[in-house]
Amino acid sequence: RAGHWAAAAECYQKAAEQGNSAGLSLLGECLYQGRGVPKSAAQARKVWKAAAESGEPIALLNLGDDCAARGDNGKALLWYRRARQNAAAVPDIEYTPRVCLRLAQFETRYTSRKKALAQLAEAKQGFLVRKEEGDETAQSWLDETEAVIRQLLERE
């Protein structure tokens with residue numbers, strides 16, 4: 001449904017009504033970015049929190065990104081750690097690279113640079129696979145990953 005956000009939001013709404021936490025998480029993303037529905041960050045947070053209660057990793061990542069955007073890096077890190085914990089049982093190319101990227105960005109002061117670089121290498125590989133599969137957002141994720149790698153390598 002890429003590019004047809006109103007139709008996508010409707011599908012996500014139906015999935016959410018059937019108890020699908022991934023659909024709920026994607027509906028939150030549409031609300032947050034104003035895709036196919038009126039933009040509402042507050043409503044998106046409520047939807048993501050409902051999806052996060054069922055352990056949906058994408059919702060946890062989105063909540064972390066929202067906290068980071070508002071400058072609450074400590075809370076963002078907590079959401080990212082929960083995403084890692086929930087994603088460990090069922091790794092998926094859709095969210096695993098994002099989990100690795102975000103943890104490398106936000107845990108660098110708590111973990112070694114070497115461990116952060118390993119997470120970034122895993123993230124980069126995942127985003128490359130997504131790019132090969134035609135994911136339109138993969139290049140921007142790759143660019144962000146490369147920028148973080150450069151920052152860590154410059155700290156030597």
# chains A, B, ... in the order shown; residues from 1 in each chain; ligands from 1

call {"tool": "residues_around", "arguments": {"residues": "region 12-23 of chain A", "least_positions_apart": "5", "cutoff": "12 Å", "atoms": "only C-alpha atoms", "output": "number ranges by chain"}}
result
A: 1, 5-7, 28-31, 35-37, 47-60, 62, 94-95

call {"tool": "write_last_selection", "arguments": {"atoms": "C-alpha atoms", "output": "PDB file, in the first residue's frame"}}
result
ATOM      1  CA  ARG A   1       0.000   0.000   0.000  1.00  0.00           C
ATOM      2  CA  TRP A   5      -1.585   5.874   2.887  1.00  0.00           C
ATOM      3  CA  ALA A   6      -5.306   6.366   3.429  1.00  0.00           C
ATOM      4  CA  ALA A   7      -5.942   2.799   2.233  1.00  0.00           C
ATOM      5  CA  GLY A  28       0.467   4.560  15.098  1.00  0.00           C
ATOM      6  CA  GLU A  29       3.157   5.294  12.529  1.00  0.00           C
ATOM      7  CA  CYS A  30       0.523   6.630  10.124  1.00  0.00           C
ATOM      8  CA  LEU A  31      -0.926   8.812  12.892  1.00  0.00           C
ATOM      9  CA  ARG A  35      -0.042   9.462   6.446  1.00  0.00           C
ATOM     10  CA  GLY A  36      -3.632   8.924   5.390  1.00  0.00           C
ATOM     11  CA  VAL A  37      -4.967  10.258   8.686  1.00  0.00           C
ATOM     12  CA  VAL A  47      -1.576   3.388  19.897  1.00  0.00           C
ATOM     13  CA  TRP A  48       2.115   2.441  20.180  1.00  0.00           C
ATOM     14  CA  LYS A  49       1.805   1.906  23.929  1.00  0.00           C
ATOM     15  CA  ALA A  50      -1.128  -0.449  23.335  1.00  0.00           C
ATOM     16  CA  ALA A  51       0.939  -2.377  20.759  1.00  0.00           C
ATOM     17  CA  ALA A  52       3.985  -2.346  23.064  1.00  0.00           C
ATOM     18  CA  GLU A  53       1.959  -4.034  25.795  1.00  0.00           C
ATOM     19  CA  SER A  54       1.771  -7.093  23.557  1.00  0.00           C
ATOM     20  CA  GLY A  55       5.520  -6.878  22.930  1.00  0.00           C
ATOM     21  CA  GLU A  56       5.486  -5.531  19.364  1.00  0.00           C
ATOM     22  CA  PRO A  57       9.147  -4.574  18.624  1.00  0.00           C
ATOM     23  CA  ILE A  58       8.269  -1.949  16.001  1.00  0.00           C
ATOM     24  CA  ALA A  59       6.020  -0.139  18.497  1.00  0.00           C
ATOM     25  CA  LEU A  60       8.803  -0.235  21.079  1.00  0.00           C
ATOM     26  CA  ASN A  62       8.793   3.938  17.559  1.00  0.00           C
ATOM     27  CA  GLU A  94      11.892  -5.593   9.360  1.00  0.00           C
ATOM     28  CA  TYR A  95      13.015  -4.426  12.801  1.00  0.00           C
TER      29      TYR A  95
END

call {"tool": "residues_around", "arguments": {"residues": "Gln151 (chain A)", "least_positions_apart": "3", "cutoff": "12 Å", "atoms": "only C-alpha atoms", "output": "JSON, numbers by chain"}}
result
{"A": [104, 105, 108, 113, 116, 117, 120, 144, 145, 146, 147, 148, 154, 155, 156]}

call {"tool": "write_last_selection", "arguments": {"atoms": "N, CA and C atoms", "output": "PDB file, in the first residue's frame"}}
result
ATOM      1  N   ALA A 104      23.217   0.814  19.307  1.00  0.00           N
ATOM      2  CA  ALA A 104      24.581   1.304  19.099  1.00  0.00           C
ATOM      3  C   ALA A 104      24.652   2.813  19.315  1.00  0.00           C
ATOM      4  N   GLN A 105      23.627   3.534  18.909  1.00  0.00           N
ATOM      5  CA  GLN A 105      23.612   4.988  19.087  1.00  0.00           C
ATOM      6  C   GLN A 105      23.461   5.393  20.546  1.00  0.00           C
ATOM      7  N   THR A 108      26.265   3.617  23.523  1.00  0.00           N
ATOM      8  CA  THR A 108      27.720   3.754  23.377  1.00  0.00           C
ATOM      9  C   THR A 108      28.390   4.234  24.656  1.00  0.00           C
ATOM     10  N   ARG A 113      33.077   0.571  22.447  1.00  0.00           N
ATOM     11  CA  ARG A 113      32.985   1.042  21.065  1.00  0.00           C
ATOM     12  C   ARG A 113      32.995  -0.154  20.109  1.00  0.00           C
ATOM     13  N   ALA A 116      29.576  -1.636  19.975  1.00  0.00           N
ATOM     14  CA  ALA A 116      28.700  -0.754  19.195  1.00  0.00           C
ATOM     15  C   ALA A 116      28.961  -0.923  17.704  1.00  0.00           C
ATOM     16  N   LEU A 117      30.240  -1.026  17.321  1.00  0.00           N
ATOM     17  CA  LEU A 117      30.570  -1.213  15.906  1.00  0.00           C
ATOM     18  C   LEU A 117      30.054  -2.555  15.383  1.00  0.00           C
ATOM     19  N   LEU A 120      26.446  -2.084  14.732  1.00  0.00           N
ATOM     20  CA  LEU A 120      26.262  -1.279  13.522  1.00  0.00           C
ATOM     21  C   LEU A 120      26.529  -2.096  12.260  1.00  0.00           C
ATOM     22  N   GLU A 144      22.178   6.770   7.819  1.00  0.00           N
ATOM     23  CA  GLU A 144      22.250   7.040   9.251  1.00  0.00           C
ATOM     24  C   GLU A 144      23.249   6.093   9.926  1.00  0.00           C
ATOM     25  N   THR A 145      23.221   4.824   9.528  1.00  0.00           N
ATOM     26  CA  THR A 145      24.148   3.836  10.085  1.00  0.00           C
ATOM     27  C   THR A 145      25.592   4.202   9.765  1.00  0.00           C
ATOM     28  N   GLU A 146      25.847   4.569   8.516  1.00  0.00           N
ATOM     29  CA  GLU A 146      27.203   4.967   8.099  1.00  0.00           C
ATOM     30  C   GLU A 146      27.694   6.188   8.883  1.00  0.00           C
ATOM     31  N   ALA A 147      26.813   7.128   9.135  1.00  0.00           N
ATOM     32  CA  ALA A 147      27.199   8.324   9.894  1.00  0.00           C
ATOM     33  C   ALA A 147      27.611   7.954  11.320  1.00  0.00           C
ATOM     34  N   VAL A 148      26.885   7.052  11.943  1.00  0.00           N
ATOM     35  CA  VAL A 148      27.222   6.630  13.307  1.00  0.00           C
ATOM     36  C   VAL A 148      28.546   5.873  13.305  1.00  0.00           C
ATOM     37  N   GLU A 154      35.991   7.934  14.362  1.00  0.00           N
ATOM     38  CA  GLU A 154      36.730   9.178  14.568  1.00  0.00           C
ATOM     39  C   GLU A 154      37.158   9.362  16.020  1.00  0.00           C
ATOM     40  N   ARG A 155      36.518   8.657  16.943  1.00  0.00           N
ATOM     41  CA  ARG A 155      36.842   8.779  18.370  1.00  0.00           C
ATOM     42  C   ARG A 155      38.150   8.095  18.758  1.00  0.00           C
ATOM     43  N   GLU A 156      38.742   7.342  17.864  1.00  0.00           N
ATOM     44  CA  GLU A 156      39.959   6.602  18.181  1.00  0.00           C
ATOM     45  C   GLU A 156      41.016   7.461  18.708  1.00  0.00           C
TER      46      GLU A 156
END

call {"tool": "select_by_dssp", "arguments": {"residues": "region 42-143 of chain A", "states": "helix (DSSP H, G or I)", "output": "number ranges by chain"}}
result
A: 42-53, 57-69, 73-89, 96-106, 113-132, 138-143

call {"tool": "closest_residue", "arguments": {"among": "A:Glu10, A:Glu136, A:Glu122, A:Asp72", "to": "Phe106 (chain A)", "atoms": "only C-alpha atoms"}}
result
A:Asp72

call {"tool": "residues_around", "arguments": {"residues": "Asn73 (chain A)", "least_positions_apart": "3", "cutoff": "12 Å", "atoms": "only C-alpha atoms", "output": "PyMOL selection string"}}
result
chain A and resi 63-70+76-80+102-103+105-107+109

call {"tool": "atom_distance", "arguments": {"atom1": "CA of Arg130 (chain A)", "atom2": "CA of Thr96 (chain A)"}}
result
11.1 Å

call {"tool": "closest_residue", "arguments": {"among": "A:Ala138, A:Leu27, A:Ala88, A:Val99", "to": "Ser40 (chain A)", "atoms": "only C-alpha atoms"}}
result
A:Leu27
